[in-house]
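Visitor: Got a structure for you, questions after.
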Amino acid sequence: APPQPQPYAMPRGVAPPPTKAATQVCTVHPDGMPQPFDVPFPEKRLPVCDRCKKNYRSRELCRQRDGHKALPWQMTYVVVTLTDEVLIKGEDGALILADVPVVAELQDMPELCRGPADGSMKMEPICPVCKEKNYTRDHCRNTLKHSTPPYQSIYVKLVLKQEDDNNLRPSKKKKRKPEENADGKPRCPDEAVGDDHDKTDDITVIHESKTFFATISSKRITVKWCEQIRYADASTKPIHPPSSGSYMMPPAAPNNPNMQYQLWDAFRAGAQWVQSGGGHMPGGPMVQMGGGYPMPPSYGHDPKPPSNGPDMKYASNLGGSLTNASV
């Protein structure tokens, strides 16, 4: 029986494709929001809380084992898009936030996201495009005037929170002590708000983009309305070209039992061509290579080289006699 082709494994150095699975959650409650909401974070993207930072605890102990939902100790960037489920029309016909329980759903990076246009992004980290090109923040924010959120930002959408049947059943797990400072409010409000970087937009006045850029930490929460955002269409899956330095998966070998015989015929034809002086390949049918590409009998050479061509002159200079090779 012919040997069966072995499945290809993931090459070394290739990272698996990103997924939306999140195991770490943080509670956020900006000023103006009727209720707090939980923001899911990808793995190893949410810093520890203030308490675990002081006790030198790792992210795994803080966010995964203990399930802490307090605000992170350092600046973290979140881009939140409001869906129609969490918005209602007020008395004047303008959109307002509905007083309903909401939850954030993790999204892929959008095709386009233009951040605040008030110049407050000049002090933020560089955008994903400039990060990939290894530009500096000054070149990104000041020279190119990019307002795209920082490269480490996560993107979420606010939707209605569904009732979970498991929450209605009594839990058999041991109840832990309620977590402190997990209401989504910063513990140390800003004492002085002087520049545009520290100012917060009014979240109750809904922007036409319905998307705001939030900078969250245990010391402050800043909200800025984005100018525009566009996600990829869910019906059409975009095709991303391989980035530079990534490895391409080789094509699967066909299950052809005659492949070895075809390769041997190709090798024998090449040996005959060398023995004949390199003028032409011996005649015969086209050899089918393993990858499905046919190789003609005279691959790379003319079937009938001219008598006064470079091959004849080269042979005469060497003192050899070249016979009339007919095909």
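We label chains A, B, ... in the order they appear in the structure tokens, count residues from 1 in each chain, and number ligands from 1 in the order shown.
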DSSP on the backbone: which residues in range 58-206 of chain A end up as strand (DSSP E or B)? Give the answer as a PyMOL selection string.

Guide: chain A and resi 72+76-82+87-89+95-97+102-107+112-114+154-160

Visitor: Store the residues picked out above, limited to C-alpha atoms, as a compact mmCIF listing (two decimals), in the first residue's frame.

Guide:
# COMPACT_ATOMS: atom_id res chain seq x y z
CA PRO A 72 -6.03 48.34 36.51
CA THR A 76 -5.39 50.88 29.69
CA TYR A 77 -7.14 51.83 26.45
CA VAL A 78 -10.61 50.70 25.42
CA VAL A 79 -12.66 51.74 22.37
CA VAL A 80 -16.38 51.28 23.12
CA THR A 81 -19.10 51.29 20.46
CA LEU A 82 -22.73 51.78 21.54
CA LEU A 87 -29.79 53.70 23.10
CA ILE A 88 -33.26 55.23 23.21
CA LYS A 89 -34.75 58.46 21.92
CA LEU A 95 -30.41 59.61 21.41
CA ILE A 96 -29.68 58.99 25.08
CA LEU A 97 -28.32 56.08 27.08
CA VAL A 102 -25.30 46.16 29.55
CA VAL A 103 -22.19 44.13 28.87
CA ALA A 104 -19.28 44.59 26.47
CA GLU A 105 -18.46 42.09 23.74
CA LEU A 106 -14.92 41.81 22.44
CA GLN A 107 -14.45 42.69 18.75
CA LEU A 112 -10.97 52.19 10.16
CA CYS A 113 -11.04 54.13 13.42
CA ARG A 114 -10.48 57.87 13.63
CA ILE A 154 -9.04 46.74 22.62
CA TYR A 155 -12.36 47.21 20.83
CA VAL A 156 -15.74 46.26 22.32
CA LYS A 157 -19.44 46.77 21.64
CA LEU A 158 -22.03 47.42 24.33
CA VAL A 159 -25.08 45.14 24.13
CA LEU A 160 -27.91 44.20 26.45

Visitor: Within 9 Å of Cys49 in chain A, counting only C-alpha atoms, which residues show up once you throw out same-chain ones fewer than 2 positions away? Write them as a list of chain:residue names, please.

Guide: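 With the cut-off at 9 Å, the set is A:Pro47, A:Arg51, A:Cys52, A:Lys53, A:Lys54, A:Arg59, A:Cys62, A:Arg63, A:His68, A:Lys69, A:Ala70, A:Leu71, A:Pro72, A:Trp73, A:Gln74, A:Ser217, A:Ser218.
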
Visitor: Using only C-alpha atoms, find the one residue out of A:Gln275, A:Asn55, A:Thr136, A:Gln24 that sits nearest to Met123 in chain A.

Guide: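 Under the stated criterion, the closest residue is A:Thr136.
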
Visitor: Hey, which of A:Met109, A:Ala269, A:Cys127, A:Val86 ends up closest to Lys210 in chain A? Count only C-alpha atoms.

Guide: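 Distance minimum relative to Lys210 in chain A lands on A:Val86.
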
Visitor: Give me, please, the distance in Å between CA of Thr83 in chain A and CA of Glu43 in chain A, quoted to one decimal.

Guide: 24.9 Å

Visitor: Work out how far CA of Val205 in chain A is from CA of Gly119 in chain A, in Å to one decimal.

Guide: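 Going from CA of Gly119 in chain A over to CA of Val205 in chain A covers 19.8 Å.
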
Visitor: From the options A:Gly115, A:Asp138, A:Thr215, A:Lys44, which residue's atoms come nearest to Arg230 in chain A, counting only C-alpha atoms?

Guide: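 The answer is A:Gly115, which sits nearest to Arg230 in chain A.
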
Visitor: Name the residues in contact with Ile221 in chain A at a cut-off of 8 Å, using only C-alpha atoms, excluding same-chain residues fewer than 6 positions from it; report them as a PyMOL selection string.

Guide: chain A and resi 30+185-186+214-215

Visitor: Please determine, counting only C-alpha atoms, which residue among A:Lys199, A:Asn134, A:Ala98, A:Leu46 has the shortest atom-to-atom distance to Ser58 in chain A.

Guide: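 Once distances to Ser58 in chain A are computed over only C-alpha atoms, the minimum belongs to A:Leu46.
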
Visitor: Using only C-alpha atoms, which of the listed residues (A:Gln262, A:Ser153, A:Gln272, A:Gln162) sits closest to Ile216 in chain A?

Guide: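 Between A:Gln262, A:Ser153, A:Gln272, A:Gln162, the residue approaching Ile216 in chain A most closely is A:Ser153.
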
Visitor: Please run DSSP on the backbone and report, as a PyMOL selection string, all residues within range 18-224 of chain A that come out as helix (DSSP H, G or I).

Guide: chain A and resi 50-54+59-65+84-86+120-123+128-132+137-143+165-168

Visitor: Take the residues that were just selected and, keeping C-alpha atoms, output them as an mmCIF file, in the first residue's frame.

Guide:
data_model
loop_
_atom_site.group_PDB
_atom_site.id
_atom_site.type_symbol
_atom_site.label_atom_id
_atom_site.label_comp_id
_atom_site.auth_asym_id
_atom_site.auth_seq_id
_atom_site.Cartn_x
_atom_site.Cartn_y
_atom_site.Cartn_z
ATOM 1 C CA ASP A 50 -3.901 48.287 42.809
ATOM 2 C CA ARG A 51 -4.159 45.815 45.681
ATOM 3 C CA CYS A 52 -2.354 43.021 43.833
ATOM 4 C CA LYS A 53 0.220 45.481 42.529
ATOM 5 C CA LYS A 54 1.164 46.428 46.081
ATOM 6 C CA ARG A 59 -1.729 38.728 36.529
ATOM 7 C CA GLU A 60 -2.670 35.064 36.688
ATOM 8 C CA LEU A 61 -3.299 35.242 40.442
ATOM 9 C CA CYS A 62 -5.137 38.544 40.274
ATOM 10 C CA ARG A 63 -7.341 38.251 37.218
ATOM 11 C CA GLN A 64 -7.694 34.511 36.653
ATOM 12 C CA ARG A 65 -7.504 32.746 39.997
ATOM 13 C CA ASP A 84 -28.873 50.455 19.139
ATOM 14 C CA GLU A 85 -29.887 48.111 21.967
ATOM 15 C CA VAL A 86 -28.507 50.430 24.640
ATOM 16 C CA SER A 120 -5.650 65.035 22.704
ATOM 17 C CA MET A 121 -4.113 61.985 20.977
ATOM 18 C CA LYS A 122 -0.686 63.624 20.654
ATOM 19 C CA MET A 123 0.306 62.337 24.104
ATOM 20 C CA PRO A 128 -0.853 50.117 15.049
ATOM 21 C CA VAL A 129 0.399 51.098 11.577
ATOM 22 C CA CYS A 130 3.278 53.207 12.909
ATOM 23 C CA LYS A 131 4.062 50.538 15.492
ATOM 24 C CA GLU A 132 4.510 47.980 12.716
ATOM 25 C CA ARG A 137 5.424 58.670 18.697
ATOM 26 C CA ASP A 138 6.445 62.172 17.655
ATOM 27 C CA HIS A 139 6.453 61.169 13.999
ATOM 28 C CA CYS A 140 3.100 59.398 14.337
ATOM 29 C CA ARG A 141 1.146 61.922 16.412
ATOM 30 C CA ASN A 142 2.786 65.247 15.543
ATOM 31 C CA THR A 143 4.219 64.849 12.027
ATOM 32 C CA ASP A 165 -29.837 30.573 34.030
ATOM 33 C CA ASN A 166 -26.775 29.480 36.003
ATOM 34 C CA ASN A 167 -26.929 32.672 38.073
ATOM 35 C CA LEU A 168 -30.449 31.800 39.250
#

Visitor: From the options A:Ala117, A:Leu263, A:Val39, A:Val28, which residue's atoms come nearest to Lys224 in chain A, counting only C-alpha atoms?

Guide: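 Among the listed residues, A:Ala117 lies closest to Lys224 in chain A.
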